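A short write-up of the structure that comes next.
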Amino acid sequence: WALRARDDAATRFALIQALQADRVVFTSPAAAHAAARLASLSENHPGQWLAVGAGTAAALRHHGAMAVRSPERMDSEGLLGLPELADLHGLSVALVTAPGGRGLIAPTLDARGAALQRVDVYTRSPLRPAPRAVQRLRRQTAPWVLALSSAEALGWAVSQLPDDVLTRLRGSLLVAASARLAELAGAEGFTRIQVAQGPQPLQLAQAARAFVTARAPD
């Protein structure tokens, strides 16, 4: 993806207003860095600030934010499992993010009763796969294991990769970071799917190993 921080007056004004919400959710390190270019993150704020993972929390602290919480499971499901987001009736919630991306968060917050304000502080543009990279995939003879931690990345692969490469991907082992992603992958034609305990590289690797070990001959 090509990332570009927004710096227009309308986005700056919307962000300054959003930072006063009862809950402020940052969805990525890029969102934290882009927000810091638009407004001070080190000033006292009335609500609870939440980050989707440790990397996002670290980015916020780098810019002076205090009292940031993040889940142990660093993905949308983990974030939505935090007690601060369990019952949002009567509370204002700001989502500091980019267009697209984590599609589970906003509708879930809305369903839980939040008065939701979304501020897109940066944009993401999908890049076409490099021809040289596609050729390397075609020449690869070893079995593939695919790690899936993003629904948007899955959509990009399905829409951008050539049919012959995509056919081989669909027959490869796919390790999904959540049951939701596994369901999406199945709907896109992937047939060998293992669900990991979470989105971290070690968790994905452990799930792949468990799948292979369970099917290894005695």
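Every chain in the structure tokens has a letter given in the order shown (A, B, ...), and although residue numbers restart at 1 in each chain, ligands are simply numbered from 1 in the order shown.
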Can you list, as a short mmCIF file (atom, residue, chain, number, x, y, z; two decimals) with C-alpha atoms, in the first residue's frame, every residue of range 24-201 of chain A that DSSP puts in alpha helix (DSSP H)?
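The new file out.cif reads:
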```cif
data_model
loop_
_atom_site.label_atom_id
_atom_site.label_comp_id
_atom_site.auth_asym_id
_atom_site.auth_seq_id
_atom_site.Cartn_x
_atom_site.Cartn_y
_atom_site.Cartn_z
CA PRO A 29 0.74 3.13 13.80
CA ALA A 30 0.20 5.07 10.56
CA ALA A 31 -2.99 6.55 12.02
CA ALA A 32 -1.09 7.64 15.14
CA HIS A 33 1.73 9.25 13.14
CA ALA A 34 -0.69 11.00 10.77
CA ALA A 35 -2.79 12.29 13.68
CA ALA A 36 0.32 13.70 15.36
CA ARG A 37 0.98 15.81 12.27
CA LEU A 38 -2.47 17.35 12.57
CA ALA A 54 1.22 -2.66 20.91
CA GLY A 55 2.79 -1.04 17.83
CA THR A 56 0.02 1.53 17.60
CA ALA A 57 0.21 2.19 21.35
CA ALA A 58 3.98 2.70 21.08
CA ALA A 59 3.49 5.16 18.21
CA LEU A 60 1.02 7.16 20.30
CA ARG A 61 3.38 7.25 23.28
CA HIS A 62 6.18 8.36 20.97
CA SER A 76 -9.88 -6.05 15.54
CA GLU A 77 -11.34 -8.90 17.59
CA GLY A 78 -8.91 -8.21 20.43
CA LEU A 79 -9.65 -4.49 20.41
CA LEU A 80 -13.40 -5.06 20.46
CA ILE A 105 -14.62 -2.15 14.08
CA ALA A 106 -16.96 0.65 12.99
CA PRO A 107 -20.15 -1.43 12.57
CA THR A 108 -19.52 -3.21 15.88
CA LEU A 109 -19.04 0.06 17.75
CA ASP A 110 -22.20 1.40 16.15
CA ALA A 111 -24.13 -1.73 17.13
CA PRO A 131 5.82 -8.26 -12.57
CA ARG A 132 9.12 -9.59 -11.22
CA ALA A 133 7.45 -10.66 -7.98
CA VAL A 134 4.70 -12.44 -9.91
CA GLN A 135 7.31 -14.31 -11.95
CA ARG A 136 9.07 -15.40 -8.77
CA LEU A 137 5.79 -16.81 -7.51
CA ARG A 138 5.31 -18.72 -10.76
CA ARG A 139 8.79 -20.25 -10.52
CA ALA A 151 -9.47 -8.94 5.00
CA GLU A 152 -8.38 -6.05 2.83
CA ALA A 153 -5.16 -7.84 1.89
CA LEU A 154 -7.19 -10.88 0.89
CA GLY A 155 -9.39 -8.73 -1.32
CA TRP A 156 -6.32 -7.15 -2.90
CA ALA A 157 -4.78 -10.55 -3.71
CA VAL A 158 -7.98 -11.88 -5.25
CA SER A 159 -8.47 -8.78 -7.40
CA GLN A 160 -4.87 -8.14 -8.47
CA ASP A 163 -5.50 -16.29 -12.42
CA ASP A 164 -2.78 -18.95 -12.58
CA VAL A 165 -1.06 -17.63 -9.45
CA LEU A 166 -4.37 -17.22 -7.64
CA THR A 167 -5.38 -20.79 -8.48
CA ARG A 168 -2.24 -22.08 -6.83
CA LEU A 169 -2.74 -19.82 -3.82
CA ARG A 170 -6.25 -21.19 -3.34
CA ALA A 179 -12.33 -17.36 12.43
CA ARG A 180 -13.80 -14.34 10.64
CA LEU A 181 -10.85 -14.20 8.23
CA ALA A 182 -11.02 -17.96 7.74
CA GLU A 183 -14.67 -17.64 6.70
CA LEU A 184 -13.81 -14.87 4.24
CA ALA A 185 -10.99 -16.94 2.76
CA GLY A 186 -13.32 -19.90 2.34
CA ALA A 187 -15.79 -17.69 0.50
CA PRO A 201 3.82 -14.07 13.49
#
```
| request: Would you mind listing what lies within 7 Å of range 119-129 of chain A as a count of residues only, with only C-alpha atoms counted and same-chain residues fewer than 4 positions away left out? | output: 20
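In the backbone-derived DSSP annotation, strand (DSSP E or B) within range 50-134 of chain A comprises A:Leu50, A:Ala51, A:Val68, A:Arg69, A:Ser92, A:Val93, A:Ala94, A:Leu95, A:Val96, A:Thr97, A:Ala115, A:Leu116, A:Gln117, A:Arg118, A:Val119, A:Asp120, A:Tyr122, A:Thr123, A:Arg124, A:Ser125.
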**All residues 6 Å or closer to range 141-149 of chain A, only C-alpha atoms, same chain fewer than 4 positions away omitted, as a ChimeraX atom specification** = /A:172-177,199
For the residues in that selection, give me C-alpha atoms as a PDB file, in the first residue's frame.
```
ATOM      1  CA  SER A 172      -2.132 -23.784  -0.625  1.00  0.00           C
ATOM      2  CA  LEU A 173      -2.353 -23.869   3.148  1.00  0.00           C
ATOM      3  CA  LEU A 174      -3.784 -20.603   4.440  1.00  0.00           C
ATOM      4  CA  VAL A 175      -3.383 -19.718   8.112  1.00  0.00           C
ATOM      5  CA  ALA A 176      -5.985 -17.160   9.189  1.00  0.00           C
ATOM      6  CA  ALA A 177      -5.565 -14.913  12.217  1.00  0.00           C
ATOM      7  CA  PRO A 199      -2.418 -12.362  14.366  1.00  0.00           C
TER       8      PRO A 199
END
```
Spatial neighbours of Leu82 in chain A, 12 Å, only C-alpha atoms, chain gap at least 2 places, as a ChimeraX atom specification:
/A:23,25,48-53,69-80,84-88,109
**Straight-line distance linking CA of His45 in chain A with CA of Ala21 in chain A, stated in Å to one decimal** =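 According to the coordinates, CA of His45 in chain A and CA of Ala21 in chain A are separated by 8.5 Å.
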Selection near range 208-217 of chain A, 7 Å with only C-alpha atoms, sequence-local residues under 3 positions removed, as a PDB file with C-alpha atoms, in the first residue's frame:
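Okay, this is what ended up in selection38.pdb:
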```
ATOM      1  CA  VAL A 175      -3.383 -19.718   8.112  1.00  0.00           C
ATOM      2  CA  GLN A 194      -6.143 -23.320   9.600  1.00  0.00           C
ATOM      3  CA  LEU A 204       0.507 -17.919  12.708  1.00  0.00           C
ATOM      4  CA  ALA A 205       3.654 -20.052  12.482  1.00  0.00           C
TER       5      ALA A 205
END
```
Across A:Ala207, A:Leu202, A:Leu161, A:Ile193, the smallest distance to Ala130 in chain A, with only C-alpha atoms counted, is shown by A:Leu161
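Taking CA of Leu41 in chain A as the reference point, CA of Val68 in chain A is found at 11.1 Å.
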Practice problem: Work out how far CA of Gln197 in chain A is from CA of Gln140 in chain A, in Å to one decimal. | Solution: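 Interatomic distance here is 28.4 Å.
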